[in-house]
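Undergrad: Input: one structure, supplied below.
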Amino acid sequence: MASKSKIQYVCTDCGAESIKWVGKCPSCGAWGTMKEFVVSKIPRQQSSTSTPFSISENKPLKLSEIDVQQEPRIDTHNTEFNRVLGGGLVQGSMVLIGGEPGIGKSTLVLQVVLALKDKRTLYVSGEESARQLKLRAERLNIQNENCFILSETSIENIFDHIQSVQPELVIIDSIQTIYTDKAESSPGSITQIRECSSSILRYAKQSNVPVLVIGHITKDGNIAGPKILEHIVDTVLQFEGDQHYSYRILRATKNRFGSTSELGIFEMRQDGLREVTNPSEMLLSEEHEGLSGVAITAAIEGIRPFLIEIQSLVSSAVYGTPQRSATGFDTRRLNMLLAVLEKRMGFKLSQKDVFINVAGGMKINDPASDLATMAAVLSSNFDMPIEGRVAMTGEVGLSGEIRPVGRIEQRIAEAEKLGFHTMLIPKGNSKSLSFQPKHMRIIPVNKVEDAFRILFKKD
Ligand code: TYD
Ligand code: MG
């Protein structure tokens with residue numbers, strides 16, 4: 001059947017369509033986002049037969065008639081990956097993995113499929129040749145006779161191969177390289193991404209086979225392509241990390257089958273990604289005993305407690321305006337904490353450069369790290385080291401009061417597990433503690449002055 005082509009305008013933000021150009025998207029209200037696309041119009045009957053997902057079999061059911069079996073999940077044999085997915089891959093789900101180029105998305109996914117030895121898997125790559133994938137698999141050093149590799153970019157051909165291989169898990173690397181004949185624009189364009197991802201979604205739902213789709217990220221950290229891509233998939237995972245560090249964090253930003261507060265941590269090695277089951281190991285550097293400017297915070301990121309080393313360097317400003325710079329910590333929050341030190345406690349820091357660095361390339365958002373950040377600054381300022389086995393937690397208010405923090409028990413338990421002998425906690429938390437650690441001394445503190453008196457006391 002001959003198909004007609006027509007010009008259409010699609011919003012790059014929300015994927016809304018319009019037959020004429022408009023400056024402002026009528027759907028999401030964004031300005032200047034409508035882009036022109038040539039679409040081949042497929043008659044409705046044809047498009048519904050070409051997609052085997054049949055609507056007619058579905059009928060409205062009463063809630064009581066619906067089977068509430070647990071979603072069957074595939075164990076990926078990768079603890080961190082399972083954790084972020086909410087306990088494994090759900091059958092028939094479509095999972096999008098986003099991340100900057102070179103961060104290790106292909107490595108992660110290839111490692112997952114190679115480890116699934118009892119499942120037939122199909123890895124479709126539009127980026128690398130089968131030979132390159134073989135070399136990568138050799139580097140990972142995992143043998144798997146059930147994993148099929150396909151280097152292909154046409155979605156129609158991919159579906160043909162899926163028909164013949166009949167895989168139990170499909171990988172598409174990446175959505176931006178795949179195209180369909182139905183749309184005339186080039187791969188990676190909004191229409192292509194939208195068309196391809198909706199047919200992948202239909203395939204997943206109809207065949208009950210899970211599909212992992214890799215997506216690139218734009219400069220501002222969003223998954224390239226229309227926002228609609230994030231709306232249609234079941235789960236969006238972000239793979240992040242600093243290129244200069246070997247640690248990588250996988251977090252769910254959307255998950256229809258689990259929580260979005262879980263984190264998975266990996267280390268990139270010569271032979272692939274290693275799961276980091278004890279994350280504090282990477283965040284505490286070995287030798288900081290006796291060094292000034294280092295304080296350890298018990299922070300919670302996602303739902304896991306971490307003991308993280310905060311490093312600070314305070315030096316006299318050479319030029320007129322002192323510099324304040326922070327890596328892994330919010331600079332505005334740092335300025336606020338420095339103002340509290342200056343105004344409430346009379347420490348003269350206004351003529352000093354202050355640098356903050358969070359060890360391991362981690363970013364902390366937990367305000368409970370305030371106390372350790374201030375302690376690190378003072379420790380560097382006076383060149384007085386803090387004892388290495390002392391951890392602390394507490395949010396600092398504008399008048400220098402230490403405010404209670406959430407999930408204090410988890411923080412204490414993690415610090416005790418890692419062998420800390422003393423921990424400073426907010427007084428407000430100490431009254432309601434449900435347990436007392438056996439091997440660690442807990443010191444409740446009410447004001448930053450109290451904390452500093454304990455940390456910097458001279459014997
Ligand atoms: P890759 O998975 O290709 O990233 P993406 O798919 O997100 O673009 O990973 C690329 C980087 O990872 C590359 O710079 C090399 C490095 N790497 C290792 O350090 N060890 C390994 O075992 C592998 C396979 C890659
Ligand atoms: Mg890749």
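A note on labels: chains of the structure tokens are A, B, ... as shown, every chain counts residues from 1, and ligands are counted from 1 in their shown order.
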Taking the backbone alone, and naming residues the way the document does, which bits of stretch 4-232 of chain A are alpha helix (DSSP H) by DSSP, as an MDAnalysis selection string?
TA: chainID A and resid 44:50 79:85 105:115 130:140 155:165 190:207 228:232
Undergrad: Please, which residues in chain A fall within 8 Å of ligand 2 when counting only C-alpha atoms and all ligand atoms, and what is the closest atom pair and distance in Å to one decimal for each, ordered by chain then residue number, as a Markdown table?
TA:
```
| residue | atom | partner | partner_atom_place_in_ligand_line | distance |
| --- | --- | --- | --- | --- |
| A:Pro101 | CA | ligand 2 | 1 (Mg) | 6.8 |
| A:Gly102 | CA | ligand 2 | 1 (Mg) | 6.7 |
| A:Gly104 | CA | ligand 2 | 1 (Mg) | 6.8 |
| A:Lys105 | CA | ligand 2 | 1 (Mg) | 5.7 |
| A:Ser106 | CA | ligand 2 | 1 (Mg) | 4.2 |
| A:Thr107 | CA | ligand 2 | 1 (Mg) | 7.2 |
| A:Glu127 | CA | ligand 2 | 1 (Mg) | 6.9 |
| A:Glu128 | CA | ligand 2 | 1 (Mg) | 7.8 |
| A:Asp173 | CA | ligand 2 | 1 (Mg) | 6.7 |
| A:Ser174 | CA | ligand 2 | 1 (Mg) | 7.3 |
| A:Ile214 | CA | ligand 2 | 1 (Mg) | 7.9 |
```
Undergrad: Show me which residues are within 9 Å of ligand 1 counting only C-alpha atoms and all ligand atoms, and format the list as a ChimeraX atom specification.
TA: /A:98-111,127,135-140,173-174,214,216,239,243,246,268-273
Undergrad: Using only C-alpha atoms, which of the listed residues (A:Arg333, A:Lys62, A:Lys119, A:Arg256) sits closest to A:Val95?
TA: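 Of the candidates, the smallest distance to A:Val95 is held by A:Arg256.
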Undergrad: Rounded to one decimal, what separation in Å do you get between atom CA of A:Ile175 and atom CA of A:Pro72?
TA: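 Distance reported for this atom pair: 25.7 Å.
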Undergrad: Pull the strand (DSSP E or B) assignments for stretch 328-409 of chain A out of DSSP run on the backbone, and list those residues as a PyMOL selection string.
TA: chain A and resi 352-358+390-392+395-396+401-403
Undergrad: Next, the residues of the selection above should be written as a short mmCIF file (atom, residue, chain, number, x, y, z; two decimals), in the first residue's frame with all heavy atoms.
TA:
```cif
data_model
loop_
_atom_site.label_atom_id
_atom_site.label_comp_id
_atom_site.auth_asym_id
_atom_site.auth_seq_id
_atom_site.Cartn_x
_atom_site.Cartn_y
_atom_site.Cartn_z
N LYS A 352 39.43 34.57 53.70
CA LYS A 352 40.07 33.28 53.40
C LYS A 352 39.44 32.64 52.17
O LYS A 352 38.23 32.74 51.95
CB LYS A 352 39.89 32.32 54.59
CG LYS A 352 40.42 32.84 55.92
CD LYS A 352 41.89 32.52 56.07
CE LYS A 352 42.49 33.08 57.33
NZ LYS A 352 42.43 32.19 58.45
N ASP A 353 40.26 31.93 51.41
CA ASP A 353 39.74 31.06 50.35
C ASP A 353 39.30 29.77 51.02
O ASP A 353 40.02 29.24 51.87
CB ASP A 353 40.85 30.68 49.35
CG ASP A 353 41.24 31.85 48.46
OD1 ASP A 353 40.44 32.79 48.34
OD2 ASP A 353 42.36 31.80 47.91
N VAL A 354 38.12 29.25 50.65
CA VAL A 354 37.65 28.00 51.23
C VAL A 354 37.32 27.02 50.11
O VAL A 354 36.55 27.34 49.21
CB VAL A 354 36.40 28.21 52.12
CG1 VAL A 354 35.92 26.89 52.70
CG2 VAL A 354 36.69 29.20 53.24
N PHE A 355 37.95 25.87 50.15
CA PHE A 355 37.68 24.82 49.15
C PHE A 355 37.13 23.60 49.87
O PHE A 355 37.63 23.23 50.93
CB PHE A 355 38.95 24.43 48.40
CG PHE A 355 39.62 25.60 47.76
CD1 PHE A 355 40.67 26.24 48.38
CD2 PHE A 355 39.17 26.06 46.54
CE1 PHE A 355 41.29 27.34 47.79
CE2 PHE A 355 39.78 27.16 45.95
CZ PHE A 355 40.83 27.80 46.57
N ILE A 356 36.10 22.99 49.27
CA ILE A 356 35.52 21.77 49.83
C ILE A 356 35.54 20.69 48.76
O ILE A 356 35.26 20.96 47.60
CB ILE A 356 34.04 22.01 50.26
CG1 ILE A 356 33.96 22.98 51.43
CG2 ILE A 356 33.33 20.70 50.60
CD1 ILE A 356 34.35 22.41 52.77
N ASN A 357 35.87 19.51 49.17
CA ASN A 357 35.86 18.39 48.23
C ASN A 357 35.28 17.16 48.91
O ASN A 357 35.61 16.87 50.06
CB ASN A 357 37.30 18.10 47.77
CG ASN A 357 37.36 16.96 46.79
OD1 ASN A 357 36.48 16.84 45.94
ND2 ASN A 357 38.35 16.11 46.94
N VAL A 358 34.37 16.49 48.24
CA VAL A 358 33.80 15.27 48.80
C VAL A 358 34.55 14.10 48.17
O VAL A 358 34.65 14.01 46.94
CB VAL A 358 32.29 15.18 48.50
CG1 VAL A 358 31.72 13.89 49.05
CG2 VAL A 358 31.57 16.38 49.11
N VAL A 390 36.26 9.27 64.36
CA VAL A 390 35.10 10.02 64.86
C VAL A 390 34.22 10.38 63.68
O VAL A 390 34.68 10.96 62.70
CB VAL A 390 35.55 11.30 65.59
CG1 VAL A 390 34.35 12.11 66.05
CG2 VAL A 390 36.44 10.96 66.78
N ALA A 391 32.94 9.99 63.75
CA ALA A 391 31.99 10.35 62.69
C ALA A 391 31.02 11.37 63.26
O ALA A 391 30.92 11.53 64.48
CB ALA A 391 31.25 9.11 62.24
N MET A 392 30.33 12.08 62.38
CA MET A 392 29.35 13.05 62.88
C MET A 392 28.22 13.21 61.90
O MET A 392 28.36 12.93 60.70
CB MET A 392 30.03 14.39 63.17
CG MET A 392 30.64 15.03 61.98
SD MET A 392 31.89 16.23 62.46
CE MET A 392 33.34 15.22 62.62
N GLU A 395 22.27 18.55 60.86
CA GLU A 395 21.99 19.69 60.01
C GLU A 395 22.21 20.95 60.85
O GLU A 395 21.85 20.97 62.02
CB GLU A 395 20.54 19.61 59.52
CG GLU A 395 20.14 20.75 58.64
CD GLU A 395 18.69 20.69 58.17
OE1 GLU A 395 18.08 19.61 58.24
OE2 GLU A 395 18.19 21.74 57.76
N VAL A 396 22.81 21.98 60.26
CA VAL A 396 23.08 23.19 61.05
C VAL A 396 22.11 24.29 60.64
O VAL A 396 21.93 24.57 59.45
CB VAL A 396 24.55 23.63 60.87
CG1 VAL A 396 24.80 24.94 61.59
CG2 VAL A 396 25.48 22.55 61.37
N GLU A 401 22.47 26.19 65.62
CA GLU A 401 21.90 25.05 66.36
C GLU A 401 22.00 23.80 65.49
O GLU A 401 21.95 23.89 64.26
CB GLU A 401 20.45 25.33 66.78
CG GLU A 401 19.38 25.13 65.72
CD GLU A 401 19.22 26.33 64.77
OE1 GLU A 401 20.12 27.18 64.71
OE2 GLU A 401 18.20 26.37 64.05
N ILE A 402 22.18 22.65 66.13
CA ILE A 402 22.28 21.40 65.36
C ILE A 402 20.91 20.73 65.37
O ILE A 402 20.38 20.39 66.43
CB ILE A 402 23.37 20.48 65.93
CG1 ILE A 402 24.70 21.22 65.83
CG2 ILE A 402 23.43 19.17 65.16
CD1 ILE A 402 25.87 20.47 66.36
N ARG A 403 20.34 20.60 64.19
CA ARG A 403 18.96 20.12 64.10
C ARG A 403 18.95 18.61 63.89
O ARG A 403 19.86 18.05 63.29
CB ARG A 403 18.26 20.81 62.94
CG ARG A 403 18.35 22.32 63.05
CD ARG A 403 18.04 22.95 61.72
NE ARG A 403 16.66 22.65 61.39
CZ ARG A 403 15.65 23.47 61.64
NH1 ARG A 403 15.86 24.64 62.16
NH2 ARG A 403 14.42 23.11 61.32
#
```
Undergrad: Counting only C-alpha atoms, what is within 10 Å of A:Val209, bar same-chain residues fewer than 6 positions away, as a list of chain:residue names?
TA: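 Answer for this query is A:Leu89, A:Val90, A:Gln91, A:Gly92, A:Ser93, A:Met94, A:Gln166, A:Pro167, A:Glu168, A:Leu169, A:Val170, A:Tyr203.
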